[in-house]
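Next comes query-v7.cif, with mmCIF, C-alpha atoms; chains and numbers go by the auth columns.
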data_final
loop_
_atom_site.group_PDB
_atom_site.id
_atom_site.type_symbol
_atom_site.label_atom_id
_atom_site.label_comp_id
_atom_site.label_asym_id
_atom_site.label_seq_id
_atom_site.Cartn_x
_atom_site.Cartn_y
_atom_site.Cartn_z
_atom_site.B_iso_or_equiv
_atom_site.auth_seq_id
_atom_site.auth_asym_id
ATOM 1 C CA MET A 1 52.895 106.354 98.036 0.00 1 A
ATOM 2 C CA LYS A 2 50.909 104.258 100.476 0.00 2 A
ATOM 3 C CA GLU A 3 54.002 102.327 101.558 0.00 3 A
ATOM 4 C CA PHE A 4 55.797 105.536 102.620 0.00 4 A
ATOM 5 C CA THR A 5 54.396 105.498 106.158 0.00 5 A
ATOM 6 C CA LEU A 6 55.711 106.953 109.389 0.00 6 A
ATOM 7 C CA ARG A 7 56.171 103.542 111.019 0.00 7 A
ATOM 8 C CA ALA A 8 58.209 102.225 108.089 0.00 8 A
ATOM 9 C CA VAL A 9 60.442 105.304 108.060 0.00 9 A
ATOM 10 C CA LEU A 10 60.968 105.283 111.841 0.00 10 A
ATOM 11 C CA LEU A 11 61.801 101.579 111.820 0.00 11 A
ATOM 12 C CA GLY A 12 64.235 102.154 108.957 0.00 12 A
ATOM 13 C CA LEU A 13 65.924 105.036 110.775 0.00 13 A
ATOM 14 C CA GLY A 14 66.258 102.942 113.920 0.00 14 A
ATOM 15 C CA MET A 15 67.856 100.110 111.961 0.00 15 A
ATOM 16 C CA THR A 16 70.143 102.623 110.236 0.00 16 A
ATOM 17 C CA VAL A 17 71.567 103.697 113.591 0.00 17 A
ATOM 18 C CA VAL A 18 71.904 100.191 115.034 0.00 18 A
ATOM 19 C CA LEU A 19 73.201 98.408 111.926 0.00 19 A
ATOM 20 C CA GLY A 20 75.466 101.320 111.011 0.00 20 A
ATOM 21 C CA ALA A 21 77.043 101.315 114.471 0.00 21 A
ATOM 22 C CA ALA A 22 77.408 97.525 114.365 0.00 22 A
ATOM 23 C CA ASN A 23 79.121 97.680 110.973 0.00 23 A
ATOM 24 C CA ALA A 24 81.431 100.470 112.120 0.00 24 A
ATOM 25 C CA TYR A 25 82.495 98.399 115.128 0.00 25 A
ATOM 26 C CA LEU A 26 82.871 95.249 113.054 0.00 26 A
ATOM 27 C CA GLY A 27 84.822 97.007 110.324 0.00 27 A
ATOM 28 C CA LEU A 28 87.292 98.515 112.774 0.00 28 A
ATOM 29 C CA ARG A 29 87.705 95.212 114.611 0.00 29 A
ATOM 30 C CA ALA A 30 87.697 92.716 111.743 0.00 30 A
ATOM 31 C CA GLY A 31 88.621 94.926 108.797 0.00 31 A
ATOM 32 C CA ILE A 32 85.501 93.979 106.861 0.00 32 A
ATOM 33 C CA THR A 33 81.840 94.967 106.891 0.00 33 A
ATOM 34 C CA ILE A 34 78.821 92.887 105.955 0.00 34 A
ATOM 35 C CA ALA A 35 75.640 93.731 104.106 0.00 35 A
ATOM 36 C CA ALA A 36 72.896 95.060 106.353 0.00 36 A
ATOM 37 C CA THR A 37 70.228 94.210 103.776 0.00 37 A
ATOM 38 C CA TYR A 38 69.400 90.782 105.146 0.00 38 A
ATOM 39 C CA PRO A 39 69.037 91.577 108.865 0.00 39 A
ATOM 40 C CA ALA A 40 67.128 94.747 107.963 0.00 40 A
ATOM 41 C CA ALA A 41 64.770 92.733 105.765 0.00 41 A
ATOM 42 C CA VAL A 42 64.206 90.109 108.453 0.00 42 A
ATOM 43 C CA ILE A 43 63.633 92.689 111.203 0.00 43 A
ATOM 44 C CA GLY A 44 61.179 94.584 109.018 0.00 44 A
ATOM 45 C CA MET A 45 59.441 91.315 108.196 0.00 45 A
ATOM 46 C CA ALA A 46 59.127 90.522 111.908 0.00 46 A
ATOM 47 C CA VAL A 47 58.076 93.952 113.211 0.00 47 A
ATOM 48 C CA LEU A 48 55.795 95.559 110.633 0.00 48 A
ATOM 49 C CA PRO A 49 53.251 92.709 110.366 0.00 49 A
ATOM 50 C CA ILE A 50 52.387 93.413 114.011 0.00 50 A
ATOM 51 C CA TRP A 51 50.663 96.581 112.738 0.00 51 A
ATOM 52 C CA ASN A 52 49.426 94.896 109.545 0.00 52 A
ATOM 53 C CA GLY A 53 52.223 96.446 107.515 0.00 53 A
ATOM 54 C CA SER A 54 52.471 95.623 103.839 0.00 54 A
ATOM 55 C CA VAL A 55 55.398 94.089 101.997 0.00 55 A
ATOM 56 C CA LEU A 56 56.057 97.485 100.406 0.00 56 A
ATOM 57 C CA GLU A 57 56.419 99.044 103.853 0.00 57 A
ATOM 58 C CA GLU A 58 58.895 96.295 104.713 0.00 58 A
ATOM 59 C CA ASN A 59 60.862 97.212 101.607 0.00 59 A
ATOM 60 C CA ILE A 60 60.917 100.898 102.607 0.00 60 A
ATOM 61 C CA ALA A 61 62.160 99.983 106.091 0.00 61 A
ATOM 62 C CA ARG A 62 64.811 97.638 104.679 0.00 62 A
ATOM 63 C CA THR A 63 66.061 100.199 102.175 0.00 63 A
ATOM 64 C CA SER A 64 66.301 102.873 104.863 0.00 64 A
ATOM 65 C CA GLY A 65 67.948 100.488 107.311 0.00 65 A
ATOM 66 C CA THR A 66 70.782 99.605 104.942 0.00 66 A
ATOM 67 C CA ILE A 67 71.964 103.201 104.509 0.00 67 A
ATOM 68 C CA GLY A 68 73.956 103.181 107.740 0.00 68 A
ATOM 69 C CA GLU A 69 76.123 100.325 106.511 0.00 69 A
ATOM 70 C CA GLY A 70 77.419 102.256 103.506 0.00 70 A
ATOM 71 C CA ILE A 71 78.006 105.433 105.489 0.00 71 A
ATOM 72 C CA ALA A 72 79.829 103.538 108.233 0.00 72 A
ATOM 73 C CA ALA A 73 82.049 101.724 105.733 0.00 73 A
ATOM 74 C CA GLY A 74 82.916 104.962 103.972 0.00 74 A
ATOM 75 C CA ALA A 75 83.843 106.565 107.288 0.00 75 A
ATOM 76 C CA ILE A 76 85.840 103.834 109.011 0.00 76 A
ATOM 77 C CA PHE A 77 87.997 103.072 105.971 0.00 77 A
ATOM 78 C CA THR A 78 88.893 106.707 105.261 0.00 78 A
ATOM 79 C CA ILE A 79 88.679 108.838 108.416 0.00 79 A
ATOM 80 C CA PRO A 80 91.400 106.884 110.326 0.00 80 A
ATOM 81 C CA ALA A 81 93.751 107.594 107.418 0.00 81 A
ATOM 82 C CA PHE A 82 93.575 111.309 108.210 0.00 82 A
ATOM 83 C CA LEU A 83 94.682 110.608 111.770 0.00 83 A
ATOM 84 C CA MET A 84 97.409 108.169 110.696 0.00 84 A
ATOM 85 C CA ALA A 85 98.723 110.707 108.180 0.00 85 A
ATOM 86 C CA LYS A 86 98.527 113.388 110.917 0.00 86 A
ATOM 87 C CA ALA A 87 96.330 115.560 108.732 0.00 87 A
ATOM 88 C CA TRP A 88 94.297 116.120 111.907 0.00 88 A
ATOM 89 C CA PRO A 89 96.222 116.582 115.157 0.00 89 A
ATOM 90 C CA SER A 90 93.540 114.786 117.179 0.00 90 A
ATOM 91 C CA PHE A 91 89.953 113.610 117.012 0.00 91 A
ATOM 92 C CA SER A 92 88.678 116.286 119.339 0.00 92 A
ATOM 93 C CA PHE A 93 85.418 118.084 118.680 0.00 93 A
ATOM 94 C CA ALA A 94 87.131 121.163 117.284 0.00 94 A
ATOM 95 C CA ASP A 95 89.866 119.422 115.285 0.00 95 A
ATOM 96 C CA ALA A 96 88.102 116.555 113.581 0.00 96 A
ATOM 97 C CA TYR A 97 84.587 115.760 114.761 0.00 97 A
ATOM 98 C CA LEU A 98 82.850 118.551 112.868 0.00 98 A
ATOM 99 C CA LYS A 99 85.003 117.906 109.803 0.00 99 A
ATOM 100 C CA THR A 100 84.139 114.211 109.905 0.00 100 A
ATOM 101 C CA THR A 101 80.433 114.964 110.173 0.00 101 A
ATOM 102 C CA ALA A 102 80.608 117.372 107.242 0.00 102 A
ATOM 103 C CA LEU A 103 82.584 114.908 105.091 0.00 103 A
ATOM 104 C CA ILE A 104 80.121 112.088 105.770 0.00 104 A
ATOM 105 C CA MET A 105 77.129 114.302 104.973 0.00 105 A
ATOM 106 C CA VAL A 106 78.674 115.558 101.730 0.00 106 A
ATOM 107 C CA GLY A 107 79.718 112.040 100.741 0.00 107 A
ATOM 108 C CA SER A 108 76.223 110.715 101.410 0.00 108 A
ATOM 109 C CA VAL A 109 74.595 113.392 99.266 0.00 109 A
ATOM 110 C CA LEU A 110 77.093 112.845 96.445 0.00 110 A
ATOM 111 C CA GLY A 111 76.484 109.100 96.622 0.00 111 A
ATOM 112 C CA VAL A 112 72.738 109.568 96.226 0.00 112 A
ATOM 113 C CA LEU A 113 73.239 111.973 93.323 0.00 113 A
ATOM 114 C CA PHE A 114 75.674 109.703 91.504 0.00 114 A
ATOM 115 C CA ILE A 115 73.630 106.529 91.962 0.00 115 A
ATOM 116 C CA SER A 116 70.524 108.293 90.664 0.00 116 A
ATOM 117 C CA LEU A 117 72.302 108.815 87.332 0.00 117 A
ATOM 118 C CA VAL A 118 72.990 105.124 86.773 0.00 118 A
ATOM 119 C CA ARG A 119 70.132 103.552 88.710 0.00 119 A
ATOM 120 C CA ARG A 120 67.882 102.867 85.731 0.00 120 A
ATOM 121 C CA GLY A 121 70.620 101.243 83.676 0.00 121 A
ATOM 122 C CA MET A 122 71.883 99.175 86.603 0.00 122 A
ATOM 123 C CA VAL A 123 68.440 97.984 87.659 0.00 123 A
ATOM 124 C CA GLU A 124 66.943 97.299 84.240 0.00 124 A
ATOM 125 C CA ASP A 125 70.019 95.891 82.471 0.00 125 A
ATOM 126 C CA PRO A 126 69.492 92.107 82.406 0.00 126 A
ATOM 127 C CA GLU A 127 73.258 91.536 82.292 0.00 127 A
ATOM 128 C CA LEU A 128 73.702 93.181 85.692 0.00 128 A
ATOM 129 C CA PRO A 129 71.682 91.099 88.159 0.00 129 A
ATOM 130 C CA PHE A 130 71.575 92.034 91.819 0.00 130 A
ATOM 131 C CA PRO A 131 71.707 88.836 93.893 0.00 131 A
ATOM 132 C CA GLU A 132 71.602 90.841 97.136 0.00 132 A
ATOM 133 C CA SER A 133 68.399 92.657 96.208 0.00 133 A
ATOM 134 C CA VAL A 134 66.894 89.487 94.771 0.00 134 A
ATOM 135 C CA ALA A 135 67.643 87.663 98.019 0.00 135 A
ATOM 136 C CA ALA A 136 66.143 90.505 100.053 0.00 136 A
ATOM 137 C CA GLY A 137 63.022 90.363 97.899 0.00 137 A
ATOM 138 C CA GLU A 138 62.753 86.633 98.531 0.00 138 A
ATOM 139 C CA ILE A 139 63.010 87.290 102.271 0.00 139 A
ATOM 140 C CA HIS A 140 60.085 89.706 102.065 0.00 140 A
ATOM 141 C CA LYS A 141 58.016 87.235 100.073 0.00 141 A
ATOM 142 C CA ALA A 142 58.888 84.448 102.481 0.00 142 A
ATOM 143 C CA GLY A 143 57.775 86.670 105.341 0.00 143 A
ATOM 144 C CA ARG A 144 54.281 86.615 103.933 0.00 144 A
ATOM 145 C CA ARG A 145 54.254 82.872 104.623 0.00 145 A
ATOM 146 C CA GLY A 146 55.729 82.863 108.112 0.00 146 A
ATOM 147 C CA ALA A 147 58.297 84.306 110.499 0.00 147 A
ATOM 148 C CA GLN A 148 60.711 81.371 110.746 0.00 148 A
ATOM 149 C CA ALA A 149 63.683 83.427 109.521 0.00 149 A
ATOM 150 C CA ALA A 150 62.975 86.134 112.085 0.00 150 A
ATOM 151 C CA LYS A 151 62.959 83.535 114.850 0.00 151 A
ATOM 152 C CA TYR A 152 66.422 82.326 113.841 0.00 152 A
ATOM 153 C CA LEU A 153 67.714 85.893 113.641 0.00 153 A
ATOM 154 C CA PHE A 154 66.560 86.840 117.129 0.00 154 A
ATOM 155 C CA TRP A 155 67.830 83.549 118.559 0.00 155 A
ATOM 156 C CA ASN A 156 71.249 84.318 117.085 0.00 156 A
ATOM 157 C CA ILE A 157 71.150 87.839 118.517 0.00 157 A
ATOM 158 C CA GLY A 158 70.396 86.403 121.957 0.00 158 A
ATOM 159 C CA VAL A 159 73.134 83.760 121.805 0.00 159 A
ATOM 160 C CA GLY A 160 75.688 86.271 120.530 0.00 160 A
ATOM 161 C CA GLY A 161 74.788 88.741 123.269 0.00 161 A
ATOM 162 C CA LEU A 162 75.031 86.020 125.928 0.00 162 A
ATOM 163 C CA VAL A 163 78.491 84.925 124.770 0.00 163 A
ATOM 164 C CA TYR A 164 79.673 88.542 124.740 0.00 164 A
ATOM 165 C CA ILE A 165 78.337 89.214 128.252 0.00 165 A
ATOM 166 C CA LEU A 166 79.940 86.043 129.640 0.00 166 A
ATOM 167 C CA GLY A 167 83.260 87.087 128.140 0.00 167 A
ATOM 168 C CA ARG A 168 82.983 90.607 129.551 0.00 168 A
ATOM 169 C CA PHE A 169 82.290 89.217 133.025 0.00 169 A
ATOM 170 C CA GLY A 170 85.446 87.124 132.783 0.00 170 A
ATOM 171 C CA LEU A 171 83.859 83.673 132.750 0.00 171 A
ATOM 172 C CA PHE A 172 86.213 82.826 129.878 0.00 172 A
ATOM 173 C CA ALA A 173 89.073 84.622 128.138 0.00 173 A
ATOM 174 C CA ALA A 174 87.526 86.179 125.047 0.00 174 A
ATOM 175 C CA ASP A 175 90.717 88.095 124.227 0.00 175 A
ATOM 176 C CA GLN A 176 94.354 87.529 125.008 0.00 176 A
ATOM 177 C CA ASP A 177 97.151 90.033 124.434 0.00 177 A
ATOM 178 C CA ILE A 178 100.645 88.616 123.992 0.00 178 A
ATOM 179 C CA HIS A 179 103.736 90.694 124.731 0.00 179 A
ATOM 180 C CA LEU A 180 106.428 89.869 122.194 0.00 180 A
ATOM 181 C CA ASN A 181 110.037 90.986 122.092 0.00 181 A
ATOM 182 C CA VAL A 182 111.584 91.190 118.632 0.00 182 A
ATOM 183 C CA GLY A 183 115.270 91.200 119.384 0.00 183 A
ATOM 184 C CA THR A 184 116.508 93.334 122.275 0.00 184 A
ATOM 185 C CA LEU A 185 115.808 97.038 122.171 0.00 185 A
ATOM 186 C CA GLY A 186 119.058 98.988 121.944 0.00 186 A
ATOM 187 C CA ARG A 187 121.260 95.880 121.874 0.00 187 A
ATOM 188 C CA SER A 188 120.308 94.067 118.670 0.00 188 A
ATOM 189 C CA GLN A 189 122.226 95.154 115.587 0.00 189 A
ATOM 190 C CA VAL A 190 121.922 94.734 111.830 0.00 190 A
ATOM 191 C CA ARG A 191 124.968 94.925 109.550 0.00 191 A
ATOM 192 C CA LEU A 192 124.092 96.608 106.236 0.00 192 A
ATOM 193 C CA GLY A 193 126.264 94.499 103.985 0.00 193 A
ATOM 194 C CA THR A 194 128.737 91.632 104.079 0.00 194 A
ATOM 195 C CA ALA A 195 131.930 93.659 104.316 0.00 195 A
ATOM 196 C CA ALA A 196 133.592 94.078 107.683 0.00 196 A
ATOM 197 C CA ASP A 197 133.348 97.870 107.495 0.00 197 A
ATOM 198 C CA SER A 198 129.634 97.919 106.595 0.00 198 A
ATOM 199 C CA ASN A 199 127.410 100.233 108.569 0.00 199 A
ATOM 200 C CA ILE A 200 125.730 98.772 111.632 0.00 200 A
ATOM 201 C CA VAL A 201 122.224 99.848 112.600 0.00 201 A
ATOM 202 C CA VAL A 202 120.823 99.462 116.091 0.00 202 A
ATOM 203 C CA ALA A 203 117.619 97.405 115.997 0.00 203 A
ATOM 204 C CA GLY A 204 115.197 95.561 118.234 0.00 204 A
ATOM 205 C CA GLY A 205 111.862 96.369 119.776 0.00 205 A
ATOM 206 C CA ALA A 206 108.748 95.040 121.461 0.00 206 A
ATOM 207 C CA SER A 207 105.062 95.029 120.733 0.00 207 A
ATOM 208 C CA THR A 208 101.757 93.580 121.865 0.00 208 A
ATOM 209 C CA PHE A 209 99.839 91.176 119.660 0.00 209 A
ATOM 210 C CA ALA A 210 96.222 90.154 120.050 0.00 210 A
ATOM 211 C CA ALA A 211 95.469 86.447 119.858 0.00 211 A
ATOM 212 C CA PRO A 212 92.356 85.286 117.938 0.00 212 A
ATOM 213 C CA SER A 213 89.271 86.385 119.844 0.00 213 A
ATOM 214 C CA VAL A 214 86.220 84.377 120.824 0.00 214 A
ATOM 215 C CA SER A 215 83.607 86.543 119.144 0.00 215 A
ATOM 216 C CA PRO A 216 80.143 85.705 117.753 0.00 216 A
ATOM 217 C CA ALA A 217 80.595 88.652 115.385 0.00 217 A
ATOM 218 C CA TYR A 218 83.726 87.098 113.883 0.00 218 A
ATOM 219 C CA LEU A 219 81.999 83.738 113.529 0.00 219 A
ATOM 220 C CA GLY A 220 79.088 85.429 111.788 0.00 220 A
ATOM 221 C CA VAL A 221 81.354 87.290 109.385 0.00 221 A
ATOM 222 C CA GLY A 222 83.273 84.121 108.598 0.00 222 A
ATOM 223 C CA TYR A 223 80.063 82.234 107.908 0.00 223 A
ATOM 224 C CA ILE A 224 78.768 84.993 105.630 0.00 224 A
ATOM 225 C CA ILE A 225 81.898 85.510 103.528 0.00 225 A
ATOM 226 C CA GLY A 226 82.654 81.792 103.257 0.00 226 A
ATOM 227 C CA VAL A 227 85.718 79.611 103.715 0.00 227 A
ATOM 228 C CA ARG A 228 87.685 81.004 100.760 0.00 228 A
ATOM 229 C CA LEU A 229 87.459 84.688 101.668 0.00 229 A
ATOM 230 C CA ALA A 230 87.868 83.937 105.374 0.00 230 A
ATOM 231 C CA SER A 231 91.046 81.987 104.587 0.00 231 A
ATOM 232 C CA ILE A 232 92.412 84.886 102.541 0.00 232 A
ATOM 233 C CA GLN A 233 91.612 87.259 105.393 0.00 233 A
ATOM 234 C CA PHE A 234 93.337 84.985 107.908 0.00 234 A
ATOM 235 C CA ALA A 235 96.381 84.500 105.673 0.00 235 A
ATOM 236 C CA GLY A 236 96.726 88.260 105.260 0.00 236 A
ATOM 237 C CA SER A 237 96.590 88.727 109.025 0.00 237 A
ATOM 238 C CA VAL A 238 99.252 86.070 109.577 0.00 238 A
ATOM 239 C CA LEU A 239 101.492 87.633 106.917 0.00 239 A
ATOM 240 C CA ALA A 240 101.060 91.134 108.323 0.00 240 A
ATOM 241 C CA TRP A 241 101.352 90.403 112.045 0.00 241 A
ATOM 242 C CA GLY A 242 103.606 87.362 111.797 0.00 242 A
ATOM 243 C CA LEU A 243 106.200 88.726 109.371 0.00 243 A
ATOM 244 C CA ILE A 244 105.851 92.337 108.254 0.00 244 A
ATOM 245 C CA VAL A 245 105.076 93.955 111.621 0.00 245 A
ATOM 246 C CA PRO A 246 107.865 92.085 113.498 0.00 246 A
ATOM 247 C CA LEU A 247 110.331 93.105 110.772 0.00 247 A
ATOM 248 C CA LEU A 248 109.287 96.742 111.054 0.00 248 A
ATOM 249 C CA ILE A 249 109.526 96.600 114.840 0.00 249 A
ATOM 250 C CA PHE A 250 112.956 94.972 114.681 0.00 250 A
ATOM 251 C CA LEU A 251 114.384 97.426 112.147 0.00 251 A
ATOM 252 C CA MET A 252 112.623 100.591 113.313 0.00 252 A
ATOM 253 C CA GLY A 253 112.108 99.862 117.012 0.00 253 A
ATOM 254 C CA PRO A 254 114.772 102.256 118.335 0.00 254 A
ATOM 255 C CA ARG A 255 113.289 105.093 116.262 0.00 255 A
ATOM 256 C CA LEU A 256 109.618 104.480 117.028 0.00 256 A
#

Output the file's structure in the form of structure tokens.
Amino acid sequence: MKEFTLRAVLLGLGMTVVLGAANAYLGLRAGITIAATYPAAVIGMAVLPIWNGSVLEENIARTSGTIGEGIAAGAIFTIPAFLMAKAWPSFSFADAYLKTTALIMVGSVLGVLFISLVRRGMVEDPELPFPESVAAGEIHKAGRRGAQAAKYLFWNIGVGGLVYILGRFGLFAADQDIHLNVGTLGRSQVRLGTAADSNIVVAGGASTFAAPSVSPAYLGVGYIIGVRLASIQFAGSVLAWGLIVPLLIFLMGPRL
């Protein structure tokens, strides 16, 4: 295959590392990952034409660059569960790091094997369109006519990086942690029933809550998923951290 060139593969591997790490960070921070197809397509469209790369090479680079997203999502939404369930005592090199690496490698191979069984039916079935792949294809075709999309992408990368750096240097408060007392630890009480002789349980506790952050990454995710899904995400956060977590802290605080 003429499109299977060293430069396309190396660019794809580089994007796999960068976009995979970005999605892992974003997933752990925001609880949601985004498709790496579009930035990978735009970056390939901007870089490969410098060496007279073809649109097929851009497609190879984009396909390779999106692998990290799936691997990162599979890891960040499952590996922490092992630690939370105390299946692994710690995330040290001996206890969990090698196991995590092995699980990710096995999962990646199984994913490739399983998708190869259904690829033809999923790609050729007219009732199963792929808007993401269609959009990526349109990006590649648009790249043949100009690099306007790449310019916007790199401008956004620069602005996002600038906002992050300014926040890290303390020019504005990007994050704010709020210390909240839920009752009084050791002094609050809950009566389990209405009768005078009902059991009384000691309650109360304290926790730290993070206020909404000023983050270009969050703004980007919200723009991508749209108002409806962003509203559902926000409502779930309010329900969890505004009601469920305070209740758990109040009732279980003395035993935590």

Can you work out the spacing between CA of Ile115 in chain A and CA of Gly31 in chain A in Å, to one decimal?
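About the pair CA of Ile115 in chain A and CA of Gly31 in chain A: they are 25.4 Å apart.
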
Polymer residues at most 9 Å from Val163 in chain A, only C-alpha atoms, same-chain spacing of 6 or more positions, as a PyMOL selection string
chain A and resi 214-216

Take the point (81.2, 108.5, 106.4) in the file's coordinates, draw a sphere of radius 9 Å around it, and report as a list in words every protein, DNA or RNA residue with an atom inside or on it, counting only C-alpha atoms.
Gly70, Ile71, Ala72, Ala73, Gly74, Ala75, Ile76, Phe77, Thr78, Ile79, Thr100, Thr101, Ala102, Leu103, Ile104, Met105, Val106, Gly107 and Ser108 of chain A

Convert the output of the PyMOL selection byres ((chain A and resi 23) around 8) on the shown file into explicit residues, formatted as a PyMOL selection string.
chain A and resi 19-22+24-27+33-34+69+72-73

Could you write out the selected residues, including C-alpha atoms, as a short mmCIF file (atom, residue, chain, number, x, y, z; two decimals), in the coordinates of the input?
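Generated file (part.cif):
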data_model
loop_
_atom_site.label_atom_id
_atom_site.label_comp_id
_atom_site.auth_asym_id
_atom_site.auth_seq_id
_atom_site.Cartn_x
_atom_site.Cartn_y
_atom_site.Cartn_z
CA LEU A 19 73.20 98.41 111.93
CA GLY A 20 75.47 101.32 111.01
CA ALA A 21 77.04 101.32 114.47
CA ALA A 22 77.41 97.52 114.36
CA ALA A 24 81.43 100.47 112.12
CA TYR A 25 82.50 98.40 115.13
CA LEU A 26 82.87 95.25 113.05
CA GLY A 27 84.82 97.01 110.32
CA THR A 33 81.84 94.97 106.89
CA ILE A 34 78.82 92.89 105.96
CA GLU A 69 76.12 100.32 106.51
CA ALA A 72 79.83 103.54 108.23
CA ALA A 73 82.05 101.72 105.73
#

Expanded to explicit residues, what is the PyMOL selection byres ((chain A and resi 39) around 12) for this file, as a PyMOL selection string?
chain A and resi 12+15-16+18-20+22-23+34-38+40-46+58+61-63+65-66+69+135-136+139-140+149-154+156-157

Rounded to one decimal, what separation in Å do you get between CA of Asp175 in chain A and CA of Arg29 in chain A?
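Computing it gives 12.3 Å between the two atoms.
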
Saved range 37-52 of chain A from the preceding structure, N, CA and C atoms, as a compact mmCIF listing (two decimals), in the first residue's frame:
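To be explicit, this is the file written out as out24.txt:
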# COMPACT_ATOMS: atom_id res chain seq x y z
N THR A 37 -11.00 11.66 16.51
CA THR A 37 -10.97 11.57 15.05
C THR A 37 -10.76 12.93 14.41
N TYR A 38 -11.50 13.92 14.89
CA TYR A 38 -11.47 15.23 14.21
C TYR A 38 -10.14 15.96 14.39
N PRO A 39 -9.62 16.09 15.62
CA PRO A 39 -8.30 16.74 15.72
C PRO A 39 -7.21 15.95 15.01
N ALA A 40 -7.30 14.62 15.04
CA ALA A 40 -6.29 13.82 14.33
C ALA A 40 -6.37 14.06 12.83
N ALA A 41 -7.59 14.16 12.31
CA ALA A 41 -7.75 14.42 10.87
C ALA A 41 -7.21 15.79 10.50
N VAL A 42 -7.49 16.79 11.33
CA VAL A 42 -7.04 18.15 11.02
C VAL A 42 -5.52 18.25 11.12
N ILE A 43 -4.94 17.63 12.15
CA ILE A 43 -3.48 17.67 12.29
C ILE A 43 -2.81 16.96 11.12
N GLY A 44 -3.33 15.79 10.75
CA GLY A 44 -2.78 15.10 9.59
C GLY A 44 -2.91 15.92 8.32
N MET A 45 -4.04 16.61 8.18
CA MET A 45 -4.27 17.46 7.01
C MET A 45 -3.29 18.63 6.98
N ALA A 46 -2.88 19.11 8.17
CA ALA A 46 -1.98 20.26 8.22
C ALA A 46 -0.52 19.87 8.07
N VAL A 47 -0.14 18.68 8.56
CA VAL A 47 1.27 18.31 8.61
C VAL A 47 1.73 17.58 7.35
N LEU A 48 0.99 16.58 6.92
CA LEU A 48 1.47 15.73 5.82
C LEU A 48 1.61 16.46 4.49
N PRO A 49 0.76 17.43 4.15
CA PRO A 49 0.98 18.14 2.89
C PRO A 49 2.31 18.86 2.80
N ILE A 50 2.96 19.10 3.94
CA ILE A 50 4.29 19.73 3.90
C ILE A 50 5.26 18.86 3.12
N TRP A 51 5.10 17.53 3.24
CA TRP A 51 5.95 16.58 2.51
C TRP A 51 5.21 15.96 1.33
N ASN A 52 4.23 16.70 0.81
CA ASN A 52 3.44 16.24 -0.34
C ASN A 52 2.74 14.91 -0.06
